[in-house]
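> Data file input.pdb (PDB, C-alpha atoms and all ligand atoms) is appended below.
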```
ATOM      1  CA  MET A   1      87.077 -14.147 -83.908
ATOM      2  CA  PRO A   2      84.027 -15.651 -82.183
ATOM      3  CA  HIS A   3      84.065 -18.748 -84.428
ATOM      4  CA  ARG A   4      87.138 -19.924 -82.518
ATOM      5  CA  LEU A   5      85.420 -19.851 -79.118
ATOM      6  CA  PRO A   6      83.482 -23.118 -79.358
ATOM      7  CA  VAL A   7      86.688 -24.952 -80.285
ATOM      8  CA  ALA A   8      88.440 -23.503 -77.239
ATOM      9  CA  LEU A   9      85.504 -24.388 -75.038
ATOM     10  CA  ILE A  10      85.384 -27.949 -76.340
ATOM     11  CA  ALA A  11      89.109 -28.294 -75.668
ATOM     12  CA  LEU A  12      88.677 -26.928 -72.148
ATOM     13  CA  ILE A  13      85.797 -29.317 -71.413
ATOM     14  CA  ALA A  14      87.778 -32.248 -72.801
ATOM     15  CA  LEU A  15      90.791 -31.319 -70.648
ATOM     16  CA  THR A  16      88.589 -30.993 -67.547
ATOM     17  CA  LEU A  17      87.002 -34.382 -68.219
ATOM     18  CA  LEU A  18      90.393 -35.976 -68.777
ATOM     19  CA  ALA A  19      91.700 -34.509 -65.519
ATOM     20  CA  GLY A  20      88.633 -35.790 -63.694
ATOM     21  CA  CYS A  21      89.102 -39.314 -65.056
ATOM     22  CA  ALA A  22      92.717 -39.576 -63.962
ATOM     23  CA  ALA A  23      91.910 -41.288 -60.636
ATOM     24  CA  PRO A  24      94.316 -44.280 -60.845
ATOM     25  CA  ALA A  25      97.950 -43.218 -61.123
ATOM     26  CA  PRO A  26      98.669 -43.106 -64.843
ATOM     27  CA  LYS A  27     101.656 -44.747 -66.389
ATOM     28  CA  PRO A  28     104.457 -42.181 -66.773
ATOM     29  CA  ALA A  29     104.301 -40.739 -70.242
ATOM     30  CA  PRO A  30     107.377 -40.354 -72.429
ATOM     31  CA  VAL A  31     109.130 -37.005 -71.960
ATOM     32  CA  ALA A  32     108.229 -35.784 -75.448
ATOM     33  CA  ALA A  33     104.561 -36.482 -74.876
ATOM     34  CA  LEU A  34     104.644 -34.713 -71.511
ATOM     35  CA  THR A  35     106.293 -31.664 -73.017
ATOM     36  CA  HIS A  36     103.644 -31.520 -75.695
ATOM     37  CA  ALA A  37     100.748 -32.076 -73.276
ATOM     38  CA  ALA A  38     102.063 -29.519 -70.780
ATOM     39  CA  ALA A  39     102.657 -26.765 -73.338
ATOM     40  CA  PRO A  40     100.240 -23.919 -72.633
ATOM     41  CA  ALA A  41      97.930 -22.749 -75.396
ATOM     42  CA  THR A  42      99.985 -20.084 -77.117
ATOM     43  CA  THR A  43      98.683 -16.980 -78.766
ATOM     44  CA  PRO A  44     101.067 -15.558 -81.326
ATOM     45  CA  ALA A  45     102.353 -12.215 -80.130
ATOM     46  CA  ASP A  46     101.477  -9.401 -82.461
ATOM     47  CA  ASP A  47     104.038  -6.664 -82.352
ATOM     48  CA  ASN A  48     101.490  -4.049 -83.316
ATOM     49  CA  LEU A  49      98.558  -4.850 -81.049
ATOM     50  CA  ASN A  50      99.399  -2.512 -78.200
ATOM     51  CA  ALA A  51     100.572   0.243 -80.511
ATOM     52  CA  VAL A  52      97.374   0.240 -82.575
ATOM     53  CA  SER A  53      95.200  -0.165 -79.468
ATOM     54  CA  TRP A  54      96.869   2.877 -77.953
ATOM     55  CA  THR A  55      96.495   4.886 -81.139
ATOM     56  CA  GLN A  56      92.799   4.116 -81.398
ATOM     57  CA  ASN A  57      91.662   3.856 -77.801
ATOM     58  CA  ALA A  58      93.901   5.911 -75.550
ATOM     59  CA  VAL A  59      92.613   9.436 -75.144
ATOM     60  CA  GLU A  60      96.222  10.343 -74.362
ATOM     61  CA  HIS A  61      97.014   9.788 -78.043
ATOM     62  CA  ASP A  62      94.393  12.333 -79.054
ATOM     63  CA  LEU A  63      95.611  14.793 -76.453
ATOM     64  CA  VAL A  64      99.203  14.682 -77.729
ATOM     65  CA  TYR A  65      98.003  15.645 -81.215
ATOM     66  CA  LEU A  66      95.721  18.365 -79.876
ATOM     67  CA  GLN A  67      98.479  19.746 -77.679
ATOM     68  CA  THR A  68     100.964  19.792 -80.562
ATOM     69  CA  TYR A  69      98.696  21.545 -83.046
ATOM     70  CA  ARG A  70      97.428  24.041 -80.471
ATOM     71  CA  ASP A  71     100.964  24.896 -79.449
ATOM     72  CA  ALA A  72     101.976  25.351 -83.093
ATOM     73  CA  GLN A  73      98.958  27.568 -83.704
ATOM     74  CA  SER A  74      99.861  29.786 -80.762
ATOM     75  CA  ARG A  75     103.289  30.356 -82.351
ATOM     76  CA  LEU A  76     102.300  30.675 -85.991
ATOM     77  CA  LEU A  77     101.565  34.394 -86.246
ATOM     78  CA  ALA A  78     104.893  35.320 -84.639
ATOM     79  CA  ALA A  79     106.652  33.146 -87.213
ATOM     80  CA  LEU A  80     104.650  34.822 -89.976
ATOM     81  CA  ALA A  81     105.605  38.271 -88.722
ATOM     82  CA  ASP A  82     109.349  37.458 -88.609
ATOM     83  CA  PRO A  83     110.688  37.695 -92.178
ATOM     84  CA  ARG A  84     113.833  35.746 -91.231
ATOM     85  CA  TRP A  85     111.883  32.809 -89.836
ATOM     86  CA  ASP A  86     112.305  29.699 -91.979
ATOM     87  CA  ALA A  87     111.775  26.040 -91.124
ATOM     88  CA  LEU A  88     113.695  24.443 -93.985
ATOM     89  CA  PRO A  89     117.117  22.975 -93.256
ATOM     90  CA  GLY A  90     120.025  24.614 -95.092
ATOM     91  CA  ASP A  91     120.447  21.709 -97.513
ATOM     92  CA  ASP A  92     116.869  22.057 -98.678
ATOM     93  CA  ARG A  93     116.797  25.861 -98.931
ATOM     94  CA  VAL A  94     117.998  26.255-102.537
ATOM     95  CA  ALA A  95     116.550  29.754-102.973
ATOM     96  CA  PRO A  96     116.589  32.623-100.454
ATOM     97  CA  SER A  97     113.376  32.793 -98.450
ATOM     98  CA  ALA A  98     113.183  36.605 -98.380
ATOM     99  CA  GLY A  99     110.041  37.881-100.032
ATOM    100  CA  LEU A 100     108.542  34.461-100.696
ATOM    101  CA  LYS A 101     104.975  33.539 -99.774
ATOM    102  CA  PRO A 102     104.567  31.857 -96.359
ATOM    103  CA  ALA A 103     103.663  28.167 -96.087
ATOM    104  CA  VAL A 104     103.367  25.347 -93.605
ATOM    105  CA  VAL A 105     104.440  21.863 -94.693
ATOM    106  CA  LEU A 106     102.757  18.764 -93.335
ATOM    107  CA  ASP A 107     103.207  15.077 -93.902
ATOM    108  CA  ILE A 108      99.855  13.286 -94.329
ATOM    109  CA  ASP A 109      99.777   9.774 -92.851
ATOM    110  CA  GLU A 110      99.733   9.738 -89.067
ATOM    111  CA  THR A 111     100.371  13.482 -89.151
ATOM    112  CA  VAL A 112      97.015  14.788 -90.382
ATOM    113  CA  LEU A 113      95.204  11.552 -91.369
ATOM    114  CA  ASP A 114      94.693   8.551 -89.101
ATOM    115  CA  ASN A 115      95.240   5.256 -90.933
ATOM    116  CA  SER A 116      95.072   3.060 -87.845
ATOM    117  CA  PRO A 117      92.054   1.128 -89.245
ATOM    118  CA  TYR A 118      94.401  -0.224 -91.910
ATOM    119  CA  GLN A 119      96.807  -1.393 -89.204
ATOM    120  CA  ALA A 120      93.885  -2.880 -87.262
ATOM    121  CA  ARG A 121      92.901  -4.917 -90.322
ATOM    122  CA  LEU A 122      96.441  -6.290 -90.537
ATOM    123  CA  ILE A 123      96.303  -7.363 -86.900
ATOM    124  CA  ARG A 124      92.987  -9.118 -87.397
ATOM    125  CA  SER A 125      94.098 -10.837 -90.609
ATOM    126  CA  GLY A 126      97.597 -11.638 -89.377
ATOM    127  CA  GLY A 127      98.945  -9.940 -92.478
ATOM    128  CA  GLU A 128     101.707  -7.464 -93.110
ATOM    129  CA  TYR A 129     101.785  -4.186 -95.013
ATOM    130  CA  ASN A 130     101.608  -4.511 -98.762
ATOM    131  CA  GLU A 131     101.133  -1.878-101.431
ATOM    132  CA  ALA A 132      97.937  -3.321-102.912
ATOM    133  CA  ASP A 133      96.038  -3.426 -99.584
ATOM    134  CA  TRP A 134      97.372  -0.023 -98.664
ATOM    135  CA  ALA A 135      96.248   1.517-101.976
ATOM    136  CA  ALA A 136      92.812  -0.081-101.516
ATOM    137  CA  TRP A 137      92.526   1.473 -98.042
ATOM    138  CA  CYS A 138      93.544   4.895 -99.413
ATOM    139  CA  LYS A 139      90.918   4.594-102.137
ATOM    140  CA  GLU A 140      88.216   4.049 -99.522
ATOM    141  CA  GLN A 141      88.926   7.636 -98.387
ATOM    142  CA  LYS A 142      87.954   6.747 -94.833
ATOM    143  CA  ALA A 143      90.986   8.049 -92.970
ATOM    144  CA  ARG A 144      89.834  10.403 -90.226
ATOM    145  CA  ALA A 145      91.471  13.682 -89.320
ATOM    146  CA  LEU A 146      93.839  13.556 -86.376
ATOM    147  CA  PRO A 147      92.884  15.831 -83.468
ATOM    148  CA  GLY A 148      93.794  19.488 -83.891
ATOM    149  CA  ALA A 149      95.025  19.174 -87.469
ATOM    150  CA  VAL A 150      91.975  20.629 -89.218
ATOM    151  CA  ALA A 151      91.766  23.609 -86.870
ATOM    152  CA  PHE A 152      95.480  24.335 -87.310
ATOM    153  CA  THR A 153      95.522  24.117 -91.105
ATOM    154  CA  ARG A 154      92.379  26.216 -91.398
ATOM    155  CA  PHE A 155      93.887  28.815 -89.114
ATOM    156  CA  ALA A 156      96.962  28.920 -91.340
ATOM    157  CA  GLN A 157      94.871  29.263 -94.472
ATOM    158  CA  GLN A 158      92.790  32.059 -92.920
ATOM    159  CA  HIS A 159      96.000  33.989 -92.351
ATOM    160  CA  GLY A 160      97.165  33.698 -95.938
ATOM    161  CA  ILE A 161      99.602  30.850 -95.274
ATOM    162  CA  ALA A 162      99.752  28.119 -97.919
ATOM    163  CA  VAL A 163      99.122  24.600 -96.628
ATOM    164  CA  ILE A 164     101.307  22.060 -98.440
ATOM    165  CA  TYR A 165     101.129  18.315 -97.928
ATOM    166  CA  VAL A 166     104.303  16.327 -98.626
ATOM    167  CA  SER A 167     103.518  12.636 -98.545
ATOM    168  CA  ASN A 168     105.041   9.331 -99.515
ATOM    169  CA  ARG A 169     101.708   8.177-100.814
ATOM    170  CA  ALA A 170     102.231   7.302-104.463
ATOM    171  CA  LYS A 171     101.461   9.972-107.036
ATOM    172  CA  ASP A 172      98.626   7.860-108.444
ATOM    173  CA  LEU A 173      96.849   8.200-105.100
ATOM    174  CA  ASP A 174      96.755  12.007-105.491
ATOM    175  CA  ALA A 175      93.057  12.333-106.280
ATOM    176  CA  VAL A 176      91.770   9.985-103.566
ATOM    177  CA  THR A 177      94.084  11.522-100.993
ATOM    178  CA  LEU A 178      92.970  15.061-101.762
ATOM    179  CA  ALA A 179      89.333  13.895-101.684
ATOM    180  CA  ASN A 180      89.908  12.291 -98.269
ATOM    181  CA  LEU A 181      91.510  15.474 -96.949
ATOM    182  CA  ARG A 182      88.638  17.613 -98.252
ATOM    183  CA  LYS A 183      86.027  15.262 -96.764
ATOM    184  CA  ASP A 184      87.654  15.693 -93.365
ATOM    185  CA  GLY A 185      87.571  19.480 -93.694
ATOM    186  CA  PHE A 186      91.240  20.157 -94.483
ATOM    187  CA  PRO A 187      92.070  23.123 -96.713
ATOM    188  CA  VAL A 188      93.282  21.908-100.099
ATOM    189  CA  SER A 189      94.035  24.752-102.481
ATOM    190  CA  GLY A 190      94.487  22.474-105.504
ATOM    191  CA  PRO A 191      96.611  19.642-106.874
ATOM    192  CA  GLU A 192      99.740  21.731-106.233
ATOM    193  CA  ALA A 193      99.057  21.396-102.500
ATOM    194  CA  PHE A 194     100.051  17.718-102.656
ATOM    195  CA  LEU A 195     103.605  16.563-103.349
ATOM    196  CA  GLY A 196     103.496  12.777-103.432
ATOM    197  CA  LEU A 197     106.154  10.154-103.910
ATOM    198  CA  GLY A 198     107.542  10.404-107.436
ATOM    199  CA  THR A 199     106.963  14.146-107.789
ATOM    200  CA  TYR A 200     109.382  15.250-110.498
ATOM    201  CA  VAL A 201     111.750  17.934-109.285
ATOM    202  CA  PRO A 202     114.003  19.274-112.059
ATOM    203  CA  GLY A 203     117.694  19.043-111.207
ATOM    204  CA  CYS A 204     117.154  16.924-108.110
ATOM    205  CA  GLU A 205     117.396  13.174-107.927
ATOM    206  CA  GLN A 206     115.162  11.677-105.274
ATOM    207  CA  ILE A 207     116.837   8.938-103.235
ATOM    208  CA  GLY A 208     114.346   6.270-102.223
ATOM    209  CA  THR A 209     111.456   7.857-100.400
ATOM    210  CA  GLU A 210     113.461  10.827 -99.131
ATOM    211  CA  LYS A 211     111.566  14.104 -99.216
ATOM    212  CA  SER A 212     114.528  16.438 -99.702
ATOM    213  CA  CYS A 213     113.868  17.119-103.419
ATOM    214  CA  ARG A 214     110.291  18.049-102.671
ATOM    215  CA  ARG A 215     111.396  20.352 -99.875
ATOM    216  CA  GLN A 216     113.837  21.957-102.331
ATOM    217  CA  LEU A 217     110.984  22.494-104.758
ATOM    218  CA  ILE A 218     108.964  24.174-102.016
ATOM    219  CA  SER A 219     111.963  26.346-101.104
ATOM    220  CA  ARG A 220     111.862  27.979-104.539
ATOM    221  CA  HIS A 221     108.381  29.329-103.944
ATOM    222  CA  TYR A 222     107.789  29.565-100.221
ATOM    223  CA  ARG A 223     109.168  30.620 -96.897
ATOM    224  CA  VAL A 224     108.294  27.675 -94.692
ATOM    225  CA  LEU A 225     107.076  28.656 -91.235
ATOM    226  CA  MET A 226     106.663  25.178 -89.785
ATOM    227  CA  GLN A 227     106.926  21.493 -90.662
ATOM    228  CA  PHE A 228     104.953  18.598 -89.195
ATOM    229  CA  GLY A 229     105.577  14.865 -89.360
ATOM    230  CA  ASP A 230     105.646  11.527 -87.600
ATOM    231  CA  GLN A 231     108.893  10.346 -89.220
ATOM    232  CA  LEU A 232     112.414  11.696 -89.086
ATOM    233  CA  GLY A 233     112.411  11.746 -92.888
ATOM    234  CA  ASP A 234     109.613  14.322 -92.789
ATOM    235  CA  PHE A 235     112.243  16.796 -91.588
ATOM    236  CA  VAL A 236     115.731  15.690 -92.583
ATOM    237  CA  THR A 237     117.407  13.311 -94.993
ATOM    238  CA  VAL A 238     118.127  10.038 -93.254
ATOM    239  CA  ALA A 239     121.404   8.944 -94.817
ATOM    240  CA  ALA A 240     121.864   5.685 -92.930
ATOM    241  CA  ASN A 241     118.908   4.146 -91.159
ATOM    242  CA  THR A 242     120.427   2.993 -87.895
ATOM    243  CA  PRO A 243     119.276   4.102 -84.447
ATOM    244  CA  ALA A 244     122.565   5.933 -83.818
ATOM    245  CA  ALA A 245     122.644   7.692 -87.209
ATOM    246  CA  ARG A 246     119.036   8.785 -86.822
ATOM    247  CA  ARG A 247     119.860  10.484 -83.526
ATOM    248  CA  GLN A 248     122.874  12.104 -85.132
ATOM    249  CA  ASP A 249     120.832  13.404 -88.105
ATOM    250  CA  ILE A 250     118.447  15.317 -85.877
ATOM    251  CA  GLN A 251     121.107  16.608 -83.484
ATOM    252  CA  PRO A 252     121.753  19.944 -85.288
ATOM    253  CA  TYR A 253     118.035  20.710 -85.275
ATOM    254  CA  LEU A 254     117.040  19.891 -81.714
ATOM    255  CA  GLY A 255     116.533  23.613 -81.096
ATOM    256  CA  TRP A 256     113.861  23.642 -83.806
ATOM    257  CA  ILE A 257     111.740  20.919 -82.225
ATOM    258  CA  GLY A 258     108.586  22.498 -80.858
ATOM    259  CA  THR A 259     109.207  25.823 -82.571
ATOM    260  CA  ARG A 260     109.756  25.171 -86.300
ATOM    261  CA  TRP A 261     109.367  21.385 -86.394
ATOM    262  CA  PHE A 262     106.565  19.507 -84.695
ATOM    263  CA  VAL A 263     106.908  15.756 -84.293
ATOM    264  CA  LEU A 264     103.910  13.507 -83.732
ATOM    265  CA  PRO A 265     103.908  10.021 -82.212
ATOM    266  CA  ASN A 266     103.628   6.892 -84.348
ATOM    267  CA  PRO A 267     104.293   3.660 -82.497
ATOM    268  CA  THR A 268     102.591   1.560 -85.211
ATOM    269  CA  TYR A 269     105.134   1.782 -88.027
ATOM    270  CA  GLY A 270     107.972   3.868 -89.366
ATOM    271  CA  SER A 271     111.611   3.768 -90.316
ATOM    272  CA  TRP A 272     112.547   3.546 -86.619
ATOM    273  CA  GLU A 273     111.394  -0.082 -86.766
ATOM    274  CA  PRO A 274     113.526  -1.588 -89.587
ATOM    275  CA  ALA A 275     116.482   0.301 -88.124
ATOM    276  CA  LEU A 276     116.300  -2.335 -85.383
ATOM    277  CA  PHE A 277     116.755  -5.265 -87.783
ATOM    278  CA  ASN A 278     119.226  -3.892 -90.333
ATOM    279  CA  ASN A 279     116.382  -2.739 -92.599
ATOM    280  CA  ASP A 280     115.948  -6.321 -93.755
ATOM    281  CA  TRP A 281     112.242  -6.808 -94.375
ATOM    282  CA  THR A 282     113.019 -10.107 -96.115
ATOM    283  CA  ALA A 283     114.051 -11.650 -92.781
ATOM    284  CA  PRO A 284     111.368 -13.925 -91.307
ATOM    285  CA  ARG A 285     108.988 -12.282 -88.844
ATOM    286  CA  GLY A 286     110.353 -14.321 -85.938
ATOM    287  CA  GLN A 287     113.893 -13.185 -86.643
ATOM    288  CA  ARG A 288     112.875  -9.520 -86.921
ATOM    289  CA  ARG A 289     111.040  -9.883 -83.611
ATOM    290  CA  ARG A 290     114.089 -11.403 -81.931
ATOM    291  CA  GLN A 291     116.251  -8.531 -83.146
ATOM    292  CA  LYS A 292     113.773  -6.006 -81.795
ATOM    293  CA  ILE A 293     113.786  -7.744 -78.424
ATOM    294  CA  ALA A 294     117.592  -7.784 -78.484
ATOM    295  CA  ALA A 295     117.550  -4.004 -79.053
ATOM    296  CA  LEU A 296     115.518  -3.390 -75.884
ATOM    297  CA  ARG A 297     117.248  -1.645 -73.005
ATOM    298  CA  ASP A 298     116.501  -3.223 -69.644
ATOM    299  CA  GLN A 299     118.431  -0.888 -67.380
TER     300      GLN A 299
HETATM  301 MG    MG A 301     103.600   9.935 -91.840
END
```
Could you take the file, read its structure, and then write that structure out as structure tokens?

Amino acid sequence: MPHRLPVALIALIALTLLAGCAAPAPKPAPVAALTHAAAPATTPADDNLNAVSWTQNAVEHDLVYLQTYRDAQSRLLAALADPRWDALPGDDRVAPSAGLKPAVVLDIDETVLDNSPYQARLIRSGGEYNEADWAAWCKEQKARALPGAVAFTRFAQQHGIAVIYVSNRAKDLDAVTLANLRKDGFPVSGPEAFLGLGTYVPGCEQIGTEKSCRRQLISRHYRVLMQFGDQLGDFVTVAANTPAARRQDIQPYLGWIGTRWFVLPNPTYGSWEPALFNNDWTAPRGQRRRQKIAALRDQ
């Protein structure tokens, strides 16, 4: 925002001049005026600045992804060779896995594709997520591959393992999403490789954006060797989105983390965040921020 610099400079010069001219003791100013004059220039805090900066600029971010996908790759062939190995939770396994084709299931956003430029735009504009801007970003097809994801998915494909993407991108973003994945070098066998939000699953009623119905659909055709995601909902159904319930939901599957389920870091957005303010996105930004601060642990 360079256009703001001259204004700041002018203000600074004016303040310096004023301070320099205050030789005779000035008349005490009213309290209100003093409070106003003494208030430091405030910059609105942006909750997402550090998170997006880390995502884009910290090499540590890239290394976590690389480490996760490399570790998964080193385990994949053993999972393939074990006919009893399955990475779907019992509720989602509606057909026995024996004899089914092997697959790996991956979420897309912040799991294989990096959408941090969209978040960066929101920081610069001072805006908040909205569907229209998000769809426009998706249509640009500029999301880059996250480190390690292309190598892992190609490795899976080379070993006869289907690569299935389960995403909460809307169904009408199918074509642009698949094009973006292909541009980045991901294996995409065909439209059936993408199960977006609103995918019709006979006999299963999708609740909100939950992915359980789509996992059930996959369970009819595949033995799932591994799942990847940046959100709890990429793995289990989140019945009540509170911090305590989320921890409880994953409890039975902690033994699967790092072997069947691989979780990637997303500090920029996710259902963990509204869980801190009662899932009330209609609350003013300031109120949501206060609730997040109240949820911090300081010892
Ligand atoms: Mg995601």
> Quick one: residues within 12 Å of A:Glu192, all atoms listed in the file, excluding same-chain residues fewer than 4 positions away - as a list in words?
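Non-adjacent residues within range: Ala162, Val163, Ile164, Tyr165, Val166, Lys171, Asp174, Ala175, Leu178, Val188, Gly196, Thr199, Arg214, Leu217, Ile218 and His221 of chain A.
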> Around ligand MG 301 (chain A), which protein and nucleic acid residues have at least one atom no more than 10 Å from it, if we count all atoms listed in the file? List them as a list in words.
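Within the 10 Å cut-off, the matching residues are Leu106, Asp107, Ile108, Asp109, Glu110, Thr111, Val112, Leu113, Asp114, Asn115, Val166, Ser167, Asn168, Arg169, Phe228, Gly229, Asp230, Gln231, Leu232, Gly233, Asp234, Leu264, Pro265, Asn266, Tyr269 and Gly270 of chain A.
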> Please compute the atom CA of A:Gln206-atom CA of A:Ala136 distance, one decimal, in Å.
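One can read the atom CA of A:Gln206 to atom CA of A:Ala136 distance as 25.5 Å.
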> Can you list, as a PyMOL selection string, every protein, DNA or RNA residue that comes within 12 Å of A:Tyr129 when you count all atoms listed in the file, leaving out same-chain residues fewer than 3 positions away?
chain A and resi 48+118-123+125-126+132-137+268-270+281
> Can you measure atom CA of A:Ala98 to atom CA of A:Gln216 for me? One decimal in Å is fine.
15.2 Å
> List the residues selected by the PyMOL selection byres (((chain A and resi 77) around 12) and not hetatm) in the file shown, writing them as a PyMOL selection string.
chain A and resi 71-76+78-83+85+102-104+152+155-161+225-226
> Closest to A:Asp46 among A:Arg124, A:Gly208, A:Lys139, A:Arg93, using only C-alpha atoms?
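With only C-alpha atoms as the atom set, the closest residue is A:Arg124.
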> How many Å lie between atom CA of A:Leu276 and atom CA of A:Ala240, rounded to one decimal?
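Answer for the atom CA of A:Leu276 to atom CA of A:Ala240 separation: 12.3 Å.
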> So, counting all atoms listed in the file, which residue among A:Leu146, A:Pro96, A:Val236, A:Glu128 is closest to A:Gln248?
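Under the stated criterion, the closest residue is A:Val236.
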> Using the chain letters and residue numbers of this document, give as number ranges by chain the residues selected by the PyMOL selection byres (((chain A and resi 182-184) around 9) and not hetatm).
A: 113, 141-145, 150, 177-181, 185-188
> Padding of 3 Å on every side, edges along x, y and z, all listed atoms of stretch 283-293 of chain A included: what centre and edge lengths in Å, to one decimal, does that box have, as AutoDock Vina command-line options?

```
--center_x 112.6 --center_y -10.2 --center_z -85.6 --size_x 13.3 --size_y 14.3 --size_z 20.4
```
> Using the chain letters and numbering of this document, enumerate as a ChimeraX atom specification the residues selected by the PyMOL selection byres (((chain A and resi 249) around 9) and not hetatm).
/A:232,236-239,244-248,250-253
> With distances taken over only C-alpha atoms, which of A:Val224, A:Ala193, A:Cys138, A:Ala151 is nearest to A:Ala170?
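For A:Ala170, the nearest of the candidates is A:Cys138.
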> Measuring between all atoms listed in the file, which one of A:Ala95, A:Pro243, A:Glu131, A:Phe277 shows the shortest distance to A:Arg290?
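Counting all atoms listed in the file, the residue closest to A:Arg290 is A:Phe277.
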> Measuring between all atoms listed in the file, which one of A:Pro191, A:Asn57, A:Glu273, A:Lys211 shows the shortest distance to A:Arg289?
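Selected residue with least distance to A:Arg289: A:Glu273.
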> I'd like the contact shell of A:Gly148 - 8 Å cut-off, only C-alpha atoms, skipping same-chain residues fewer than 4 positions apart - returned as an NGL selection string.
:A and (65-70 or 152)
> Have a look at A:His61, A:Arg297, A:Lys292, A:Arg260 and name the one nearest to A:Pro89; count only C-alpha atoms.
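The shortest atom-to-atom distance to A:Pro89 comes from A:Arg260.
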